[in-house]
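A.B. asks: Below: one structure in structure tokens.
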Amino acid sequence: MKTEFTEKEKAPLASLDVWEDDLLERYPEPENIAKAKDEFRNYDNPQRDTVREFYRLNHTYQTYEFVQEKRADFLKFDRKEMPIWDAFDFLNTLVDDSDPDIELDQLQHLLQTSEAIRADGHPDWFVLTGLLHDMGKVLCLFGEPQWAVVGDTFPVGCQHSDRIVYPEFFEANPDAHDERYNTKYGVYSPNCGLRNVHMSWGHDEYLYQMMKDYMPEPALYMMRYHSFYAQHREHAYEHLMDDHDREMFKWVNLFNPYDLYSKAPVPPNAKELKPYYEDLIAKYLPSTIKF
Ligand SMILES: [Fe+2]
Ligand SMILES: [Fe+2]
């Protein structure tokens with residue numbers, strides 16, 4: 001298995017946000033569908049080429065074995081220990097090639113998401129989920145390639161659905177040619193439940209593992225599967241889900257628009273909001289978290 005990657009292979013995107021911009025084109029808000037189609041017709045789009053390259057790398061290297069190695073490494077949580085708010089400051093040190101004038105920092109995306117959830121009167125643990133949901137992106141600061149931090153997630157260890165974005169790139173994934181992993185169920189059994197299924201490695205699973213002892217189950221589903229577009233938007237993995245997953249995915253579906261569409265016209269004021277969120281963090285989480 002290839003373990004050394006060049007800088008170009010590690011960071012095909014100018015910023016992690018480019019993946020989210022691409023999601024917005026793929027899954028536009030209903031009122032923006034016409035506009036998104038228009039933008040899509042704009043063929044001369046260098047950003048889209050970087051997204052393609054990002055998915056080529058993601059689909060090539062996210063194998064069953066790769067996921068097991070990342071789990072064995074990162075789920076030791078032996079890199080850092082810090083309070084949640086320090087983790088946000090840490091996350092904001094993520095500097096990339098994007099234009100700082102147009103890109104929001106990471107904490108602002110988290111606060112926009114959580115504030116939109118709060119404004120709709122949802123329970124406080126749901127608001128907290130909005131605040132935390134992308135905290136796992138600190139993986140990038142531990143030197144991980146972008147395609148092992150963000151990107152649509154998908155089950156590994158069984159056939160890749162053609163409803164995953166850019167399915168043709170799975171041709172280069174060794175698992176697609178390994179008979180242990182390339183059948184409909186692969187290492188799994190029918191409707192075994194997603195708790196028994198390994199997902200491609202990234203910020204979702206990492207955060208879930210960090211939070212699993214502290215947050216209510218719907219919150220954990222939202223954290224763990226928020227990038228699983230092949231299921232929550234495309235319904236391509238019903239055959240691995242059980243009834244409990246289906247019940248819990250109502251929450252994943254409820255969360256997704258807050259993640260994608262909650263760009264407030266005025267950026268949230270992190271300083272003003274901090275006391276409210278510090279109390280909320282203290283209600284559910286220990287004073288420090290291991291990363
Ligand atoms: Fe995310
Ligand atoms: Fe997000």
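Chains: A, B, ... in order of the structure tokens. Residues: from 1 per chain. Ligands: from 1, in order shown.
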Write out as a PDB file with N, CA and C atoms, in the first residue's frame which residues come within 10 Å of Tyr229 of chain A when counting only C-alpha atoms, dropping same-chain ones fewer than 3 positions away.

C.D. replies:
ATOM      1  N   LEU A  23     -20.154  20.468  -3.295  1.00  0.00           N
ATOM      2  CA  LEU A  23     -21.394  19.844  -2.811  1.00  0.00           C
ATOM      3  C   LEU A  23     -22.600  20.737  -3.104  1.00  0.00           C
ATOM      4  N   TYR A  27     -25.741  19.533  -4.914  1.00  0.00           N
ATOM      5  CA  TYR A  27     -27.003  19.497  -4.166  1.00  0.00           C
ATOM      6  C   TYR A  27     -27.442  20.924  -3.840  1.00  0.00           C
ATOM      7  N   GLY A 151     -14.534  15.045   1.942  1.00  0.00           N
ATOM      8  CA  GLY A 151     -15.020  14.298   0.776  1.00  0.00           C
ATOM      9  C   GLY A 151     -16.193  13.433   1.187  1.00  0.00           C
ATOM     10  N   ASP A 152     -17.051  13.102   0.226  1.00  0.00           N
ATOM     11  CA  ASP A 152     -18.165  12.190   0.510  1.00  0.00           C
ATOM     12  C   ASP A 152     -17.595  10.896   1.076  1.00  0.00           C
ATOM     13  N   THR A 153     -18.226  10.362   2.108  1.00  0.00           N
ATOM     14  CA  THR A 153     -17.773   9.080   2.653  1.00  0.00           C
ATOM     15  C   THR A 153     -18.610   7.944   2.060  1.00  0.00           C
ATOM     16  N   PHE A 154     -18.068   6.743   2.129  1.00  0.00           N
ATOM     17  CA  PHE A 154     -18.763   5.570   1.564  1.00  0.00           C
ATOM     18  C   PHE A 154     -18.271   4.326   2.306  1.00  0.00           C
ATOM     19  N   ARG A 163     -23.628   5.285  -7.430  1.00  0.00           N
ATOM     20  CA  ARG A 163     -24.242   6.552  -7.048  1.00  0.00           C
ATOM     21  C   ARG A 163     -23.322   7.404  -6.163  1.00  0.00           C
ATOM     22  N   ILE A 164     -22.103   6.927  -5.929  1.00  0.00           N
ATOM     23  CA  ILE A 164     -21.097   7.775  -5.282  1.00  0.00           C
ATOM     24  C   ILE A 164     -20.542   8.698  -6.374  1.00  0.00           C
ATOM     25  N   VAL A 165     -20.253   9.929  -6.012  1.00  0.00           N
ATOM     26  CA  VAL A 165     -19.747  10.886  -7.006  1.00  0.00           C
ATOM     27  C   VAL A 165     -18.464  10.343  -7.686  1.00  0.00           C
ATOM     28  N   TYR A 225     -22.312  10.420   9.991  1.00  0.00           N
ATOM     29  CA  TYR A 225     -22.749  10.166   8.608  1.00  0.00           C
ATOM     30  C   TYR A 225     -23.065  11.433   7.820  1.00  0.00           C
ATOM     31  N   HIS A 226     -22.647  12.593   8.305  1.00  0.00           N
ATOM     32  CA  HIS A 226     -23.077  13.812   7.605  1.00  0.00           C
ATOM     33  C   HIS A 226     -22.464  13.938   6.208  1.00  0.00           C
ATOM     34  N   HIS A 232     -27.540   9.394   2.413  1.00  0.00           N
ATOM     35  CA  HIS A 232     -28.593  10.322   2.851  1.00  0.00           C
ATOM     36  C   HIS A 232     -29.204  11.123   1.693  1.00  0.00           C
ATOM     37  N   ARG A 233     -28.495  11.227   0.575  1.00  0.00           N
ATOM     38  CA  ARG A 233     -29.100  11.874  -0.600  1.00  0.00           C
ATOM     39  C   ARG A 233     -29.469  10.882  -1.700  1.00  0.00           C
ATOM     40  N   GLU A 234     -28.661   9.810  -1.832  1.00  0.00           N
ATOM     41  CA  GLU A 234     -28.826   8.913  -2.989  1.00  0.00           C
ATOM     42  C   GLU A 234     -29.419   7.543  -2.628  1.00  0.00           C
ATOM     43  N   HIS A 235     -29.510   7.245  -1.347  1.00  0.00           N
ATOM     44  CA  HIS A 235     -30.125   5.984  -0.880  1.00  0.00           C
ATOM     45  C   HIS A 235     -29.519   4.744  -1.530  1.00  0.00           C
ATOM     46  N   ALA A 236     -28.212   4.738  -1.657  1.00  0.00           N
ATOM     47  CA  ALA A 236     -27.536   3.652  -2.375  1.00  0.00           C
ATOM     48  C   ALA A 236     -27.151   2.476  -1.482  1.00  0.00           C
ATOM     49  N   ASN A 253     -30.731  13.499   7.881  1.00  0.00           N
ATOM     50  CA  ASN A 253     -31.385  14.288   6.832  1.00  0.00           C
ATOM     51  C   ASN A 253     -31.764  15.681   7.322  1.00  0.00           C
ATOM     52  N   ASN A 256     -28.489  17.892   7.406  1.00  0.00           N
ATOM     53  CA  ASN A 256     -27.764  18.235   6.170  1.00  0.00           C
ATOM     54  C   ASN A 256     -28.005  19.662   5.636  1.00  0.00           C
TER      55      ASN A 256
END

A.B. asks: Could you list, as JSON, numbers by chain, every residue within 7 Å of segment 1-13 of chain A, counting only C-alpha atoms and ignoring same-chain residues fewer than 2 positions away?

C.D. replies: {"A": [15, 16, 18, 50, 51, 53, 54, 145, 146]}

A.B. asks: What do you get as a ChimeraX atom specification if you pick all residues at most 7 Å from ligand 1, counting only C-alpha atoms and all ligand atoms?

C.D. replies: /A:133-134,150,203-204,226-227

A.B. asks: Keeping C-alpha atoms, export the residues of the selection given above as a PDB file, in the first residue's frame.

C.D. replies:
ATOM      1  CA  HIS A 133     -19.637  18.610  13.392  1.00  0.00           C
ATOM      2  CA  ASP A 134     -16.473  19.572  11.468  1.00  0.00           C
ATOM      3  CA  VAL A 150     -13.068  15.519   3.787  1.00  0.00           C
ATOM      4  CA  HIS A 203     -13.439  13.887   9.803  1.00  0.00           C
ATOM      5  CA  ASP A 204     -16.864  12.324  10.389  1.00  0.00           C
ATOM      6  CA  HIS A 226     -23.077  13.812   7.605  1.00  0.00           C
ATOM      7  CA  SER A 227     -20.776  13.296   4.566  1.00  0.00           C
TER       8      SER A 227
END

A.B. asks: Give me the chain A side of the contact with ligand 2, cut-off 12 Å, one line per residue showing its nearest atom pair and distance in Å at one decimal, counting only C-alpha atoms and all ligand atoms, sorted by chain and residue number, as a tab-separated table.

C.D. replies:
residue	atom	partner	partner_atom_place_in_ligand_line	distance
A:Leu16	CA	ligand 2	1 (Fe)	10.4
A:Asp17	CA	ligand 2	1 (Fe)	9.1
A:Val18	CA	ligand 2	1 (Fe)	11.9
A:Trp19	CA	ligand 2	1 (Fe)	10.3
A:Glu20	CA	ligand 2	1 (Fe)	7.7
A:Asp21	CA	ligand 2	1 (Fe)	10.9
A:Leu23	CA	ligand 2	1 (Fe)	10.7
A:Leu24	CA	ligand 2	1 (Fe)	11.6
A:Leu104	CA	ligand 2	1 (Fe)	11.9
A:Asp105	CA	ligand 2	1 (Fe)	11.7
A:Gln106	CA	ligand 2	1 (Fe)	8.8
A:Leu107	CA	ligand 2	1 (Fe)	10.1
A:Gln108	CA	ligand 2	1 (Fe)	10.3
A:His109	CA	ligand 2	1 (Fe)	6.7
A:Leu110	CA	ligand 2	1 (Fe)	6.7
A:Leu111	CA	ligand 2	1 (Fe)	10.1
A:Gln112	CA	ligand 2	1 (Fe)	9.6
A:Thr113	CA	ligand 2	1 (Fe)	7.5
A:Ser114	CA	ligand 2	1 (Fe)	10.2
A:Thr129	CA	ligand 2	1 (Fe)	10.5
A:Gly130	CA	ligand 2	1 (Fe)	8.1
A:Leu131	CA	ligand 2	1 (Fe)	9.2
A:Leu132	CA	ligand 2	1 (Fe)	9.1
A:His133	CA	ligand 2	1 (Fe)	6.3
A:Asp134	CA	ligand 2	1 (Fe)	5.4
A:Met135	CA	ligand 2	1 (Fe)	9.0
A:Gly136	CA	ligand 2	1 (Fe)	10.3
A:Lys137	CA	ligand 2	1 (Fe)	9.7
A:Val150	CA	ligand 2	1 (Fe)	9.7
A:Gly151	CA	ligand 2	1 (Fe)	11.0
A:Asp152	CA	ligand 2	1 (Fe)	11.7
A:His203	CA	ligand 2	1 (Fe)	10.0
A:Asp204	CA	ligand 2	1 (Fe)	9.9
A:Met222	CA	ligand 2	1 (Fe)	10.9
A:Met223	CA	ligand 2	1 (Fe)	9.8
A:Tyr225	CA	ligand 2	1 (Fe)	11.6
A:His226	CA	ligand 2	1 (Fe)	8.2
A:Ser227	CA	ligand 2	1 (Fe)	8.7
A:Phe255	CA	ligand 2	1 (Fe)	9.9
A:Asn256	CA	ligand 2	1 (Fe)	8.7
A:Pro257	CA	ligand 2	1 (Fe)	10.0
A:Tyr258	CA	ligand 2	1 (Fe)	8.4
A:Asp259	CA	ligand 2	1 (Fe)	4.8
A:Leu260	CA	ligand 2	1 (Fe)	6.9
A:Tyr261	CA	ligand 2	1 (Fe)	9.8
A:Ser262	CA	ligand 2	1 (Fe)	9.7
A:Lys263	CA	ligand 2	1 (Fe)	10.9

A.B. asks: Residues of segment 103-133 of chain A that have any atom at most 9 Å from an atom of segment 209-219 of chain A: could you tabulate them with the shortest-distance atom pair and the distance in Å to one decimal, using only C-alpha atoms, ordered by chain and increasing number, as a tab-separated table?

C.D. replies:
residue	atom	partner	partner_atom	distance
A:Trp125	CA	A:Ala219	CA	7.0
A:Phe126	CA	A:Ala219	CA	6.3
A:Leu128	CA	A:Ala219	CA	8.6
A:Thr129	CA	A:Ala219	CA	6.0

A.B. asks: Please save N, CA and C atoms of the selected residues as a PDB file, in the first residue's frame.

C.D. replies:
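Wrote selection-v3.pdb, looks like this:
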ATOM      1  N   TRP A 125     -28.593  19.841  22.416  1.00  0.00           N
ATOM      2  CA  TRP A 125     -27.556  18.906  21.937  1.00  0.00           C
ATOM      3  C   TRP A 125     -27.467  18.913  20.404  1.00  0.00           C
ATOM      4  N   PHE A 126     -28.555  19.288  19.745  1.00  0.00           N
ATOM      5  CA  PHE A 126     -28.546  19.413  18.288  1.00  0.00           C
ATOM      6  C   PHE A 126     -27.734  20.669  17.908  1.00  0.00           C
ATOM      7  N   LEU A 128     -25.359  21.923  19.690  1.00  0.00           N
ATOM      8  CA  LEU A 128     -23.963  21.575  19.962  1.00  0.00           C
ATOM      9  C   LEU A 128     -23.378  20.707  18.835  1.00  0.00           C
ATOM     10  N   THR A 129     -24.207  19.855  18.285  1.00  0.00           N
ATOM     11  CA  THR A 129     -23.765  19.030  17.158  1.00  0.00           C
ATOM     12  C   THR A 129     -23.351  19.906  15.971  1.00  0.00           C
TER      13      THR A 129
END

A.B. asks: With a cut-off of 7 Å, could you pull out the residues of segment 55-81 of chain A touching segment 166-188 of chain A and give me the nearest pair of atoms for each, distance in Å to one decimal, using only C-alpha atoms, ordered by chain and ascending number, as a Markdown table?

C.D. replies:
| residue | atom | partner | partner_atom | distance |
| --- | --- | --- | --- | --- |
| A:Tyr55 | CA | A:Tyr166 | CA | 6.9 |
| A:Arg56 | CA | A:Phe169 | CA | 5.4 |
| A:His59 | CA | A:Phe170 | CA | 5.2 |
| A:Thr60 | CA | A:Asn173 | CA | 4.3 |
| A:Tyr61 | CA | A:Asn173 | CA | 6.3 |
| A:Thr63 | CA | A:Asp175 | CA | 6.1 |

A.B. asks: Go ahead and write the selection's residues with C-alpha atoms as a PDB file, in the first residue's frame.

C.D. replies:
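Wrote it out as selection-v9.pdb, contents follow:
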ATOM      1  CA  TYR A  55     -11.921  12.418  -5.876  1.00  0.00           C
ATOM      2  CA  ARG A  56      -9.491  10.465  -8.037  1.00  0.00           C
ATOM      3  CA  HIS A  59     -11.384   6.797  -4.581  1.00  0.00           C
ATOM      4  CA  THR A  60      -7.999   5.289  -5.418  1.00  0.00           C
ATOM      5  CA  TYR A  61      -6.497   5.185  -1.939  1.00  0.00           C
ATOM      6  CA  THR A  63      -9.301   0.999   0.707  1.00  0.00           C
TER       7      THR A  63
END

A.B. asks: Could you tell me which of A:Val138, A:Asn58, A:Arg48, A:Trp147 comes closest to Asp89 of chain A if we count only C-alpha atoms?

C.D. replies: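 Looking only at the distances to Asp89 of chain A, the closest residue turns out to be A:Val138.
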
A.B. asks: Quick one: pick out all alpha helix (DSSP H) residues within segment 160-268 of chain A from a backbone DSSP run and write them as a PyMOL selection string.

C.D. replies: chain A and resi 203-211+217-225+229-232+243-261

A.B. asks: Could you take the residues named above and write them with N, CA and C atoms, as a CSV table (one decimal), in the first residue's frame?

C.D. replies:
chain,number,residue,atom,x,y,z
A,203,HIS,N,-13.1,13.1,8.6
A,203,HIS,CA,-13.4,13.9,9.8
A,203,HIS,C,-14.7,13.4,10.5
A,204,ASP,N,-15.6,12.8,9.8
A,204,ASP,CA,-16.9,12.3,10.4
A,204,ASP,C,-16.6,11.2,11.4
A,205,GLU,N,-16.0,10.1,11.0
A,205,GLU,CA,-15.8,9.0,11.9
A,205,GLU,C,-14.9,9.4,13.0
A,206,TYR,N,-13.9,10.2,12.7
A,206,TYR,CA,-12.9,10.6,13.8
A,206,TYR,C,-13.7,11.4,14.9
A,207,LEU,N,-14.5,12.3,14.5
A,207,LEU,CA,-15.3,13.1,15.5
A,207,LEU,C,-16.3,12.1,16.3
A,208,TYR,N,-16.9,11.3,15.5
A,208,TYR,CA,-17.9,10.3,16.2
A,208,TYR,C,-17.2,9.6,17.3
A,209,GLN,N,-16.0,9.0,17.0
A,209,GLN,CA,-15.3,8.2,17.9
A,209,GLN,C,-14.9,9.0,19.2
A,210,MET,N,-14.6,10.3,18.9
A,210,MET,CA,-14.2,11.2,20.0
A,210,MET,C,-15.4,11.5,21.0
A,211,MET,N,-16.6,11.6,20.4
A,211,MET,CA,-17.8,12.0,21.1
A,211,MET,C,-18.8,10.9,21.5
A,217,GLU,N,-27.7,9.7,20.9
A,217,GLU,CA,-27.5,8.9,19.7
A,217,GLU,C,-27.8,9.7,18.4
A,218,PRO,N,-28.9,10.4,18.4
A,218,PRO,CA,-29.1,11.2,17.1
A,218,PRO,C,-28.0,12.1,16.7
A,219,ALA,N,-27.4,12.7,17.8
A,219,ALA,CA,-26.2,13.6,17.5
A,219,ALA,C,-25.1,12.8,16.9
A,220,LEU,N,-24.9,11.6,17.5
A,220,LEU,CA,-23.8,10.8,17.0
A,220,LEU,C,-24.0,10.3,15.5
A,221,TYR,N,-25.2,10.0,15.2
A,221,TYR,CA,-25.5,9.7,13.8
A,221,TYR,C,-25.2,10.9,12.9
A,222,MET,N,-25.6,12.1,13.3
A,222,MET,CA,-25.4,13.3,12.5
A,222,MET,C,-23.9,13.5,12.3
A,223,MET,N,-23.1,13.3,13.4
A,223,MET,CA,-21.7,13.5,13.2
A,223,MET,C,-21.0,12.5,12.3
A,224,ARG,N,-21.5,11.2,12.5
A,224,ARG,CA,-20.8,10.1,11.9
A,224,ARG,C,-21.1,10.0,10.4
A,225,TYR,N,-22.3,10.4,10.0
A,225,TYR,CA,-22.7,10.2,8.6
A,225,TYR,C,-23.1,11.4,7.8
A,229,TYR,N,-23.2,11.1,1.6
A,229,TYR,CA,-24.2,11.6,0.6
A,229,TYR,C,-24.8,10.4,-0.2
A,230,ALA,N,-24.0,9.4,-0.5
A,230,ALA,CA,-24.4,8.2,-1.2
A,230,ALA,C,-25.6,7.6,-0.6
A,231,GLN,N,-25.7,7.7,0.8
A,231,GLN,CA,-26.9,7.2,1.4
A,231,GLN,C,-27.9,8.3,1.7
A,232,HIS,N,-27.5,9.4,2.4
A,232,HIS,CA,-28.6,10.3,2.9
A,232,HIS,C,-29.2,11.1,1.7
A,243,ASP,N,-33.4,-1.2,10.6
A,243,ASP,CA,-34.5,-0.3,10.9
A,243,ASP,C,-34.1,0.8,11.8
A,244,HIS,N,-33.2,0.5,12.7
A,244,HIS,CA,-32.7,1.5,13.6
A,244,HIS,C,-31.9,2.6,12.9
A,245,ASP,N,-31.1,2.2,11.9
A,245,ASP,CA,-30.4,3.2,11.1
A,245,ASP,C,-31.4,4.1,10.3
A,246,ARG,N,-32.4,3.5,9.8
A,246,ARG,CA,-33.4,4.2,9.0
A,246,ARG,C,-34.1,5.3,9.9
A,247,GLU,N,-34.4,4.9,11.2
A,247,GLU,CA,-35.0,5.8,12.1
A,247,GLU,C,-34.0,7.0,12.4
A,248,MET,N,-32.8,6.6,12.6
A,248,MET,CA,-31.7,7.6,13.0
A,248,MET,C,-31.4,8.5,11.8
A,249,PHE,N,-31.5,8.0,10.6
A,249,PHE,CA,-31.1,8.8,9.4
A,249,PHE,C,-32.1,10.0,9.2
A,250,LYS,N,-33.3,10.0,9.9
A,250,LYS,CA,-34.2,11.1,9.8
A,250,LYS,C,-33.4,12.3,10.4
A,251,TRP,N,-32.6,12.1,11.4
A,251,TRP,CA,-31.8,13.2,12.0
A,251,TRP,C,-30.7,13.6,11.1
A,252,VAL,N,-30.0,12.6,10.4
A,252,VAL,CA,-29.0,13.0,9.5
A,252,VAL,C,-29.5,13.9,8.3
A,253,ASN,N,-30.7,13.5,7.9
A,253,ASN,CA,-31.4,14.3,6.8
A,253,ASN,C,-31.8,15.7,7.3
A,254,LEU,N,-32.2,15.7,8.6
A,254,LEU,CA,-32.6,17.0,9.1
A,254,LEU,C,-31.3,17.9,9.3
A,255,PHE,N,-30.2,17.3,9.6
A,255,PHE,CA,-29.0,18.1,9.8
A,255,PHE,C,-28.4,18.7,8.5
A,256,ASN,N,-28.5,17.9,7.4
A,256,ASN,CA,-27.8,18.2,6.2
A,256,ASN,C,-28.0,19.7,5.6
A,257,PRO,N,-29.3,20.1,5.6
A,257,PRO,CA,-29.4,21.5,5.0
A,257,PRO,C,-28.8,22.6,5.9
A,258,TYR,N,-28.7,22.3,7.2
A,258,TYR,CA,-28.0,23.3,8.1
A,258,TYR,C,-26.5,23.4,7.7
A,259,ASP,N,-26.0,22.2,7.4
A,259,ASP,CA,-24.6,22.2,7.0
A,259,ASP,C,-24.3,22.9,5.7
A,260,LEU,N,-25.1,22.5,4.7
A,260,LEU,CA,-24.9,23.1,3.4
A,260,LEU,C,-25.4,24.5,3.1
A,261,TYR,N,-26.5,24.8,3.7
A,261,TYR,CA,-27.2,26.1,3.3
A,261,TYR,C,-27.3,27.2,4.4

A.B. asks: From the DSSP assignment of the backbone, select every residue of segment 31-199 of chain A that is strand (DSSP E or B), and format the answer as an NGL selection string.

C.D. replies: :A and (81-82 or 155 or 199)
